[in-house]
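Data first, discussion second: the structure below is written as structure tokens.
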Number of protein chains: 2
Amino acid sequence: MAQRKKNAIPKALARVHDTARGRMKRLRVTLRELGVGHAVITNPVDVGYLTGFLGGDSVLVVGTGKPTIISDRRYEEELDAFRPIAKITMRSGTMSGAIAEVLGELHERGSLDGVALQADHLTVGAESALREACKKKVPVRSIRHASGLVADLRIAKDESEIRHIRAAARIQQDALLAALEYLRPGMTELEFTAELEYQMKTRGSSTPAFGTIVAAGANGSHPHYSPADVPIARNSTLLIDWGATHMGYRSDMTRTFGFGRWPRQMREVYGVVLEAHEAAASAIKPGVTGRELDAIARKVITDAGYGEAFAHSLGHGLGMDVHENPRLSAQSDDVLDTGHVVTIEPGIYLPGIGGVRIEDDYAVTPRGRRNLCTLPKDIEWATI
Amino acid sequence: MAQRKKNAIPKALARVHDTARGRMKRLRVTLRELGVGHAVITNPVDVGYLTGFLGGDSVLVVGTGKPTIISDRRYEEELDAFRPIAKITMRSGTMSGAIAEVLGELHERGSLDGVALQADHLTVGAESALREACKKKVPVRSIRHASGLVADLRIAKDESEIRHIRAAARIQQDALLAALEYLRPGMTELEFTAELEYQMKTRGSSTPAFGTIVAAGANGSHPHYSPADVPIARNSTLLIDWGATHMGYRSDMTRTFGFGRWPRQMREVYGVVLEAHEAAASAIKPGVTGRELDAIARKVITDAGYGEAFAHSLGHGLGMDVHENPRLSAQSDDVLDTGHVVTIEPGIYLPGIGGVRIEDDYAVTPRGRRNLCTLPKDIEWATI
């Protein structure tokens, strides 16, 4: 067997580098359209998307020429792997000082032709600190704000990103099935949450995708409930909204169970929510708007007399963040396109009684949609 | 027994209201000093601190007159309990529109005498959306930026806040002892992390205080390591940096164990780190600066020949956020005062070999300090 070249980059890492190069190239096109030469990427999730470095606490200066990742010594070792695609600078002083330093060098070399800052991430305070630090190094009028710089790229997922979300969904599904084996009457919401998160973590999800919701009975009527030291009783509903992460991507599902006998009204409500879910999900395709999908689900619920009880929007984009574009709501003009990944999560909430929400994650395909989740949703399966 | 008055507010809730009133009163003093009548509190943690409402996604407009909490229908039920201390407004449109509405009304009534925005929380984009929404309702020159508005209040904890942090520390300590019962050679870092977080959650910690670090052997040399599918081997070190939450407050500790036999150099390193910890901790008292404490610990480590291997700052303030003021670092002019709570966490990191960090949480008292953590730190205890 041929000996491996000493400095060869392992295949997996080479792929990460290729993906990063492709994404930064697409960002450069956006920058040209905006009429700026460079961008300072301060949102760590965006830095992760563009470079493949998920460590956090780092800033990317990208534009014409080789990009620069500014970090600190804690990440020195990890960042060595990213030297083929970026210069790595370890800061010792403030981040704004280090950014100003990099921009100043570009300006001196005559290659800084305008800078875009991330208006949707940088705080007012951080922006003014950065301007102050740049004062004597960079012409201030060349600094501009831009929104959605990277979000607009992230909205369309490639095949590998969709695979990561599906892998996260598989983890969360397997974890739920394993955790349900331990469900006993009297177990508290917190205990079940702990068990569910344990099962996700041992399956490789480094963190839950968001704060897990386990809501017993009437607690399900709060869409954003936090699990508490409350026993789960039989013959009532159990709403579980949970998600896993895989390779920086997130999944997000909700199932509502009848634990024992369904309370009569909740059984009816379940049917309405499921119908609303299926109606909206089967309308997903390129060209449909967030507003249209929301209206489809809302109509089913309103026609059944529960319109007032569906007090949130239908869904949201999903990816490296749990809430991304596009938005599916009554106010959303976002137009779905191939590669978008969205949640569909209609719900009905009855104060003092309980709530039902049913949520899956869908990837938009050229001809429609693909459900990335595989757990059943029928009421027989949901009766445990 | 006398019958309870129908509309009486339960004692615990009345206490929450009293605390909120006191904190908002202190904020009003700050606002007067700044020369503004009102502030728009957009940081949800600050809203929680000032009002006692921990639900999130809500904004507080506070100043002269009764304050207003702007939220949405998801939180309608929960917010009912806060009507004694604030007007509650449910928005249906955007948050900036709803804030502009509230400010506009104050202006119309002639009671808006300048507004401070949170420069250290509001993004550049959100700020300009808010200005745009306010345009026709509020004189734009009355809108100002302020930094540290609430952080400066939060830095000094009262007795009940310190109790909450101590309760969080107790949860995390009990959880560690319980999880260690399950530690076996070959168990992976992720499995142990899952067990530890399970134990914290079942003890009432709704979420870990931050991403738990469990680093086996050489992985301990990365101060910000993420646990992976890596088996924990005997006769090596095991670094655990973990934290719990209680009533919105966080605790944060690190212990490094010798799992079986200590690798020789690591045993020596442990002694140095422990000495640095004790030296800095025993110097905590009102009046000392973050820089001075950092220097005390750093000198011990540098004198032992490991100065280069202590590549982060000594510690940080702790409260509702895991990183707050004051900062304990070589750059910090922060002066410690009674009621501050800080971590002391020196470390030594040897690439390819491992790392040792030892961290406890201290409350500054009039005459010195009080350790809020009770787990031992001696090497005999840390050998398992």
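As shown in the structure tokens, the chain order sets the letters A, B, ...; within each chain, residues go from 1, and ligands are also counted from 1 in the order they appear.
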
Problem set entry | Residue contacts of Met200 of chain A (7 Å, only C-alpha atoms) excluding same-chain residues fewer than 3 positions away, as a VMD selection string | chain A and resid 171 to 172 175 196 to 197 203 to 205 244

With N, CA and C atoms retained, could you export that selection as a PDB file, in the first residue's frame?
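Everything below was put into again-v2.pdb:
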```pdb
ATOM      1  N   ILE A 171     -32.179  10.821  15.717  1.00  0.00           N
ATOM      2  CA  ILE A 171     -31.727  10.751  17.111  1.00  0.00           C
ATOM      3  C   ILE A 171     -32.888  11.068  18.057  1.00  0.00           C
ATOM      4  N   GLN A 172     -33.612  12.153  17.765  1.00  0.00           N
ATOM      5  CA  GLN A 172     -34.655  12.547  18.709  1.00  0.00           C
ATOM      6  C   GLN A 172     -35.800  11.538  18.733  1.00  0.00           C
ATOM      7  N   ALA A 175     -34.645   8.475  20.636  1.00  0.00           N
ATOM      8  CA  ALA A 175     -34.569   8.843  22.051  1.00  0.00           C
ATOM      9  C   ALA A 175     -35.961   8.847  22.672  1.00  0.00           C
ATOM     10  N   LEU A 196     -35.479  11.798  28.585  1.00  0.00           N
ATOM     11  CA  LEU A 196     -35.488  12.043  27.143  1.00  0.00           C
ATOM     12  C   LEU A 196     -34.181  12.703  26.692  1.00  0.00           C
ATOM     13  N   GLU A 197     -33.728  13.683  27.458  1.00  0.00           N
ATOM     14  CA  GLU A 197     -32.487  14.369  27.083  1.00  0.00           C
ATOM     15  C   GLU A 197     -31.280  13.443  27.266  1.00  0.00           C
ATOM     16  N   ARG A 203     -27.081   9.298  22.370  1.00  0.00           N
ATOM     17  CA  ARG A 203     -27.107   9.007  20.931  1.00  0.00           C
ATOM     18  C   ARG A 203     -26.323  10.040  20.123  1.00  0.00           C
ATOM     19  N   GLY A 204     -25.602  10.934  20.820  1.00  0.00           N
ATOM     20  CA  GLY A 204     -24.681  11.819  20.109  1.00  0.00           C
ATOM     21  C   GLY A 204     -25.154  13.245  19.922  1.00  0.00           C
ATOM     22  N   SER A 205     -26.343  13.579  20.438  1.00  0.00           N
ATOM     23  CA  SER A 205     -26.796  14.968  20.329  1.00  0.00           C
ATOM     24  C   SER A 205     -26.132  15.762  21.446  1.00  0.00           C
ATOM     25  N   ALA A 244     -33.171  17.521  18.653  1.00  0.00           N
ATOM     26  CA  ALA A 244     -31.784  17.092  18.823  1.00  0.00           C
ATOM     27  C   ALA A 244     -30.881  17.907  17.895  1.00  0.00           C
TER      28      ALA A 244
END
```

Problem set entry | Residues within 10 Å of Val47 of chain B, only C-alpha atoms, excluding chain neighbours under 4 positions, as a VMD selection string | chain B and resid 20 40 to 43 51 to 61 69 150

Problem set entry | Every residue of segment 53-189 of chain B that DSSP places in helix (DSSP H, G or I), as a PyMOL selection string | chain B and resi 73-82+95-108+124-134+140-142+151-154+159-180+189

Problem set entry | Residues near Thr202 of chain A, cut-off 8 Å, only C-alpha atoms, skip fewer than 4 positions along chain, as a ChimeraX atom specification | /A:198 /B:190-191,194

Exercise. Residues of chain B within 8 Å of chain A, using only C-alpha atoms, as number ranges by chain?
Worked result: B: 73-75, 119-127, 147, 190-191, 193-195, 197-199, 201-202, 204, 206-207, 211, 222-224, 226-229, 311-312

Dump as a tab-separated table (two decimals), in the first residue's frame, selection limited to N, CA and C atoms:
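This is the output file result.tsv:
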```tsv
chain	number	residue	atom	x	y	z
B	73	ARG	N	-49.56	36.61	23.04
B	73	ARG	CA	-50.62	35.80	23.65
B	73	ARG	C	-50.13	34.49	24.27
B	74	ARG	N	-48.97	34.01	23.82
B	74	ARG	CA	-48.46	32.77	24.41
B	74	ARG	C	-48.28	32.90	25.92
B	75	TYR	N	-47.99	34.14	26.37
B	75	TYR	CA	-47.67	34.33	27.79
B	75	TYR	C	-48.80	34.98	28.57
B	119	ALA	N	-28.00	49.55	24.66
B	119	ALA	CA	-27.00	49.46	23.59
B	119	ALA	C	-26.25	48.13	23.62
B	120	ASP	N	-26.18	47.50	24.79
B	120	ASP	CA	-25.44	46.25	24.87
B	120	ASP	C	-26.33	45.03	24.60
B	121	HIS	N	-27.58	45.26	24.21
B	121	HIS	CA	-28.43	44.15	23.83
B	121	HIS	C	-29.05	44.31	22.47
B	122	LEU	N	-29.56	45.49	22.18
B	122	LEU	CA	-30.27	45.74	20.92
B	122	LEU	C	-29.29	45.67	19.75
B	123	THR	N	-29.67	44.94	18.69
B	123	THR	CA	-28.79	44.92	17.52
B	123	THR	C	-28.98	46.21	16.73
B	124	VAL	N	-28.00	46.47	15.88
B	124	VAL	CA	-28.06	47.65	15.02
B	124	VAL	C	-29.35	47.62	14.20
B	125	GLY	N	-29.71	46.43	13.70
B	125	GLY	CA	-30.91	46.30	12.88
B	125	GLY	C	-32.18	46.55	13.69
B	126	ALA	N	-32.26	45.98	14.89
B	126	ALA	CA	-33.44	46.15	15.72
B	126	ALA	C	-33.57	47.61	16.15
B	127	GLU	N	-32.43	48.25	16.41
B	127	GLU	CA	-32.46	49.64	16.81
B	127	GLU	C	-33.01	50.50	15.68
B	147	SER	N	-25.43	51.82	28.14
B	147	SER	CA	-24.84	50.50	28.36
B	147	SER	C	-24.86	50.18	29.84
B	190	LEU	N	-19.65	11.49	26.54
B	190	LEU	CA	-21.06	11.86	26.29
B	190	LEU	C	-22.00	11.13	27.25
B	191	GLU	N	-21.73	9.85	27.49
B	191	GLU	CA	-22.58	9.08	28.40
B	191	GLU	C	-22.51	9.65	29.81
B	193	THR	N	-21.70	12.72	30.61
B	193	THR	CA	-22.37	14.02	30.57
B	193	THR	C	-23.89	13.84	30.66
B	194	ALA	N	-24.41	12.89	29.90
B	194	ALA	CA	-25.85	12.63	29.90
B	194	ALA	C	-26.32	12.25	31.30
B	195	GLU	N	-25.54	11.40	31.97
B	195	GLU	CA	-25.89	10.97	33.32
B	195	GLU	C	-25.88	12.16	34.29
B	197	GLU	N	-26.18	15.39	33.60
B	197	GLU	CA	-27.27	16.34	33.32
B	197	GLU	C	-28.62	15.75	33.74
B	198	TYR	N	-28.77	14.44	33.60
B	198	TYR	CA	-29.97	13.76	34.08
B	198	TYR	C	-30.13	14.00	35.59
B	199	GLN	N	-29.03	13.81	36.30
B	199	GLN	CA	-29.07	13.97	37.75
B	199	GLN	C	-29.37	15.41	38.15
B	201	LYS	N	-31.15	17.56	36.29
B	201	LYS	CA	-32.53	17.88	35.91
B	201	LYS	C	-33.52	17.27	36.90
B	202	THR	N	-33.29	16.03	37.29
B	202	THR	CA	-34.24	15.40	38.22
B	202	THR	C	-34.18	16.07	39.60
B	204	GLY	N	-34.20	19.30	39.77
B	204	GLY	CA	-34.91	20.57	39.62
B	204	GLY	C	-34.20	21.64	38.81
B	206	SER	N	-33.68	23.24	35.63
B	206	SER	CA	-34.43	23.11	34.38
B	206	SER	C	-33.50	22.95	33.19
B	207	THR	N	-32.31	23.52	33.28
B	207	THR	CA	-31.35	23.40	32.18
B	207	THR	C	-29.95	23.47	32.78
B	211	GLY	N	-22.98	24.74	28.54
B	211	GLY	CA	-22.63	23.44	27.96
B	211	GLY	C	-21.66	22.69	28.85
B	222	HIS	N	-8.00	21.20	26.25
B	222	HIS	CA	-8.78	22.23	25.56
B	222	HIS	C	-9.73	22.87	26.56
B	223	PRO	N	-9.49	24.11	26.97
B	223	PRO	CA	-10.34	24.70	28.02
B	223	PRO	C	-11.83	24.70	27.66
B	224	HIS	N	-12.17	24.77	26.34
B	224	HIS	CA	-13.59	24.79	25.96
B	224	HIS	C	-13.99	23.55	25.20
B	226	SER	N	-15.79	20.11	24.00
B	226	SER	CA	-17.15	19.56	24.00
B	226	SER	C	-17.08	18.05	24.12
B	227	PRO	N	-17.84	17.47	25.07
B	227	PRO	CA	-17.77	16.02	25.28
B	227	PRO	C	-18.10	15.27	23.99
B	228	ALA	N	-17.42	14.16	23.76
B	228	ALA	CA	-17.61	13.41	22.52
B	228	ALA	C	-17.75	11.92	22.85
B	229	ASP	N	-17.83	11.13	21.80
B	229	ASP	CA	-18.02	9.69	21.94
B	229	ASP	C	-16.67	9.04	22.24
B	311	ALA	N	-4.04	29.75	29.91
B	311	ALA	CA	-4.33	30.61	28.76
B	311	ALA	C	-5.72	31.22	28.80
B	312	HIS	N	-6.26	31.46	29.98
B	312	HIS	CA	-7.53	32.18	30.04
B	312	HIS	C	-7.54	33.01	31.31
```

Exercise. What is the atom CA of Thr383 of chain A-atom CA of Thr237 of chain A distance in Å, reported with one decimal?
Worked result: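 About the pair atom CA of Thr383 of chain A and atom CA of Thr237 of chain A: they are 9.2 Å apart.
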
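Comparing the minimum interatomic distances between Leu31 of chain B and each of B:Leu149, B:Ala14, B:Leu106, B:Ile85, counting only C-alpha atoms, we find that B:Leu149 sits nearest.
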
Exercise. In Å, how far is it from atom CA of Pro286 of chain A to atom CA of Ala156 of chain A?
Worked result: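 According to the coordinates, atom CA of Pro286 of chain A and atom CA of Ala156 of chain A are separated by 11.6 Å.
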
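Pairwise distance (atom CA of Cys134 of chain B, atom CA of Pro326 of chain A) equals 26.6 Å.
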
For this session: Give the answer as one residue: which of A:Lys137, A:Arg298, A:Arg166, A:Arg250 has the shortest atom-to-atom distance to Asn371 of chain A, using only C-alpha atoms?
Result: A:Arg166

Exercise. When DSSP works through the backbone of this structure, what residues of segment 66-293 of chain B end up as strand (DSSP E or B), shown as number ranges by chain?
Worked result: B: 68-71, 87-90, 115-118, 123, 143-146, 188, 213-216, 231, 236-242, 245-246, 249-250, 253-259, 289

For this session: Do a neighbour search on Phe257 of chain A at 10 Å with only C-alpha atoms, toss out local chain neighbours closer than 4 positions, and write the hits as a ChimeraX atom specification.
Result: /A:216-217,236-240,261-262,267,270,356-358,377,379-384
